[in-house]
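Q: The structure under discussion is supplied below as structure tokens; questions concerning it will follow.
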Amino acid sequence: MRITVNVDGVGYTDDVEPRTLLVHYLRERLGKTGTVVGCDTSNCGACTVHLDGHSVKSCSVFAVQADRHEVTTIEGLARDGKLHPVQRAFHENHALQCGFCTPGMIMQSLDLIADHPDPDEETVRKGLEGNLCRCTGYQNIVKAVRDAAHHMRPGAGPEAEQVTEETRSPSHAGGGE
Ligand code: FES
Ligand code: FES
């Protein structure tokens with residue numbers, strides 16, 4: 001089947017098999033290897049991307065379901081060499097060790113912050129319960145998400161990078177080709 005999809009702000013038209021999973025299309029056809037596969041049970045969340053600005057586990061979506069939609073991967077978040085505020089918060093709060101879960105954690109966190117601009121610890125833990133980390137014990141991940149939310153909040157000061165459609169999912173907001 002022929003699909004046309006916008007990924008990280010770039011348009012692609014490709015022939016794919018109906019059974020091709022979105023994660024495999026992203027990694028194998030487009031070379032978006034920042035999105036990873038951590039399980040074969042739709043359990044770990046490592047493959048999380050945004051579809052039209054909302055997080056999905058890309059191992060549980062067929063590529064054909066992304067036809068005429070916009071996908072944002074971890075590779076579409078940084079702008080002009082600057083990390084997205086959620087990426088920066090993970091870095092500054094030491095919220096990763098091996099980093100395998102991190103792309104999915106960050107994509108899920110963005111969705112969480114967009115829905116909960118001032119999330120308490122419980123809200124963060126609940127919002128990330130579909131994303132597994134085998135290394136960190138989650139403590140610093142929770143800190144990073146709350147820190148990112150703080151910096152993205154309206155009125156957080158001139159340095160704030162607030163949650164807008166653009167920071168939620170930059171390539172989705174940008175439209176692309
Ligand atoms: S690879 Fe998608 S949930 Fe684990
Ligand atoms: S940092 Fe290693 S799995 Fe999360």
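Residues in the structure tokens are named by chain (A, B, ... in the order shown) and by number from 1 within that chain; ligands are numbered from 1 in the order shown.
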Dump the neighbourhood of ligand 1 as a PDB file with C-alpha atoms, in the first residue's frame: all residues within 7 Å, distances computed on only C-alpha atoms and all ligand atoms.
A:
```pdb
ATOM      1  CA  VAL A  36      13.786   1.833  19.631  1.00  0.00           C
ATOM      2  CA  VAL A  37      12.142  -1.535  20.205  1.00  0.00           C
ATOM      3  CA  GLY A  38      12.396  -2.850  23.743  1.00  0.00           C
ATOM      4  CA  CYS A  39       9.850  -5.657  23.810  1.00  0.00           C
ATOM      5  CA  ASP A  40       7.486  -7.635  21.662  1.00  0.00           C
ATOM      6  CA  THR A  41       4.478  -7.253  23.925  1.00  0.00           C
ATOM      7  CA  SER A  42       3.580  -3.514  23.620  1.00  0.00           C
ATOM      8  CA  ASN A  43       4.691  -3.213  27.215  1.00  0.00           C
ATOM      9  CA  CYS A  44       7.857  -1.147  27.501  1.00  0.00           C
ATOM     10  CA  GLY A  45       7.039   2.157  25.768  1.00  0.00           C
ATOM     11  CA  ALA A  46      10.543   2.511  24.310  1.00  0.00           C
ATOM     12  CA  CYS A  47       9.022   2.927  20.853  1.00  0.00           C
ATOM     13  CA  THR A  48       6.756   5.864  21.803  1.00  0.00           C
ATOM     14  CA  LYS A  57       3.462   3.079  20.991  1.00  0.00           C
ATOM     15  CA  SER A  58       4.705   2.773  17.442  1.00  0.00           C
ATOM     16  CA  CYS A  59       5.007  -1.012  17.772  1.00  0.00           C
ATOM     17  CA  SER A  60       1.259  -1.194  18.179  1.00  0.00           C
TER      18      SER A  60
END
```
Q: For ligand 2, list the contacting residues at 10 Å or closer, counting only C-alpha atoms and all ligand atoms, as JSON, numbers by chain.
A: {"A": [38, 44, 46, 94, 95, 96, 97, 98, 99, 100, 101, 102, 103, 104, 105, 131, 132, 133, 134, 135, 136, 137, 138, 141]}
Q: Can I get the selection written as a short mmCIF file (atom, residue, chain, number, x, y, z; two decimals), in the first residue's frame, with C-alpha atoms?
A:
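Dumped to selection33.cif:
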```cif
data_model
loop_
_atom_site.label_atom_id
_atom_site.label_comp_id
_atom_site.auth_asym_id
_atom_site.auth_seq_id
_atom_site.Cartn_x
_atom_site.Cartn_y
_atom_site.Cartn_z
CA GLY A 38 12.40 -2.85 23.74
CA CYS A 44 7.86 -1.15 27.50
CA ALA A 46 10.54 2.51 24.31
CA HIS A 94 20.52 12.69 35.31
CA ALA A 95 17.31 10.96 34.37
CA LEU A 96 18.98 8.28 32.32
CA GLN A 97 21.64 5.65 32.63
CA CYS A 98 21.81 3.34 29.61
CA GLY A 99 19.39 5.65 27.78
CA PHE A 100 17.45 2.89 26.06
CA CYS A 101 14.10 3.92 27.51
CA THR A 102 14.80 7.64 27.18
CA PRO A 103 13.35 8.42 23.72
CA GLY A 104 10.04 6.85 24.67
CA MET A 105 10.09 8.42 28.14
CA ASN A 131 7.09 3.23 29.98
CA LEU A 132 9.56 0.92 31.66
CA CYS A 133 13.09 1.74 32.80
CA ARG A 134 15.33 -1.02 34.05
CA CYS A 135 18.12 1.29 35.25
CA THR A 136 17.14 4.45 37.06
CA GLY A 137 14.56 3.57 39.68
CA TYR A 138 12.46 6.37 38.14
CA ILE A 141 12.85 10.71 35.69
#
```
Q: Need to verify the contact set: range 108-117 of chain A, 9 Å, only C-alpha atoms, exclusion of same-chain residues closer than 4 positions in sequence. Can you return it as a VMD selection string?
A: chain A and resid 45 48 to 50 53 to 56 86 103 to 104 123 to 124 127 to 128 130 to 131 145 to 146 148 to 150 152 to 154 163 to 165 167 to 169
Q: Would you compute the distance between CA of Arg19 in chain A and CA of Gly34 in chain A? Give it in Å to one decimal.
A: 21.8 Å
Q: Can you pull out the residues contacting Gln65 in chain A? Cut-off 12 Å, using only C-alpha atoms, and skip same-chain residues under 5 positions away; I want them as a PyMOL selection string.
A: chain A and resi 1-5+16-23+25+51-52+56+58-60+70-71
Q: Nearest to Val61 in chain A among A:Leu26, A:Asp120, A:Glu129, A:Gly9, with distances taken over only C-alpha atoms: which residue is it?
A: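 Nearest to Val61 in chain A: A:Leu26.
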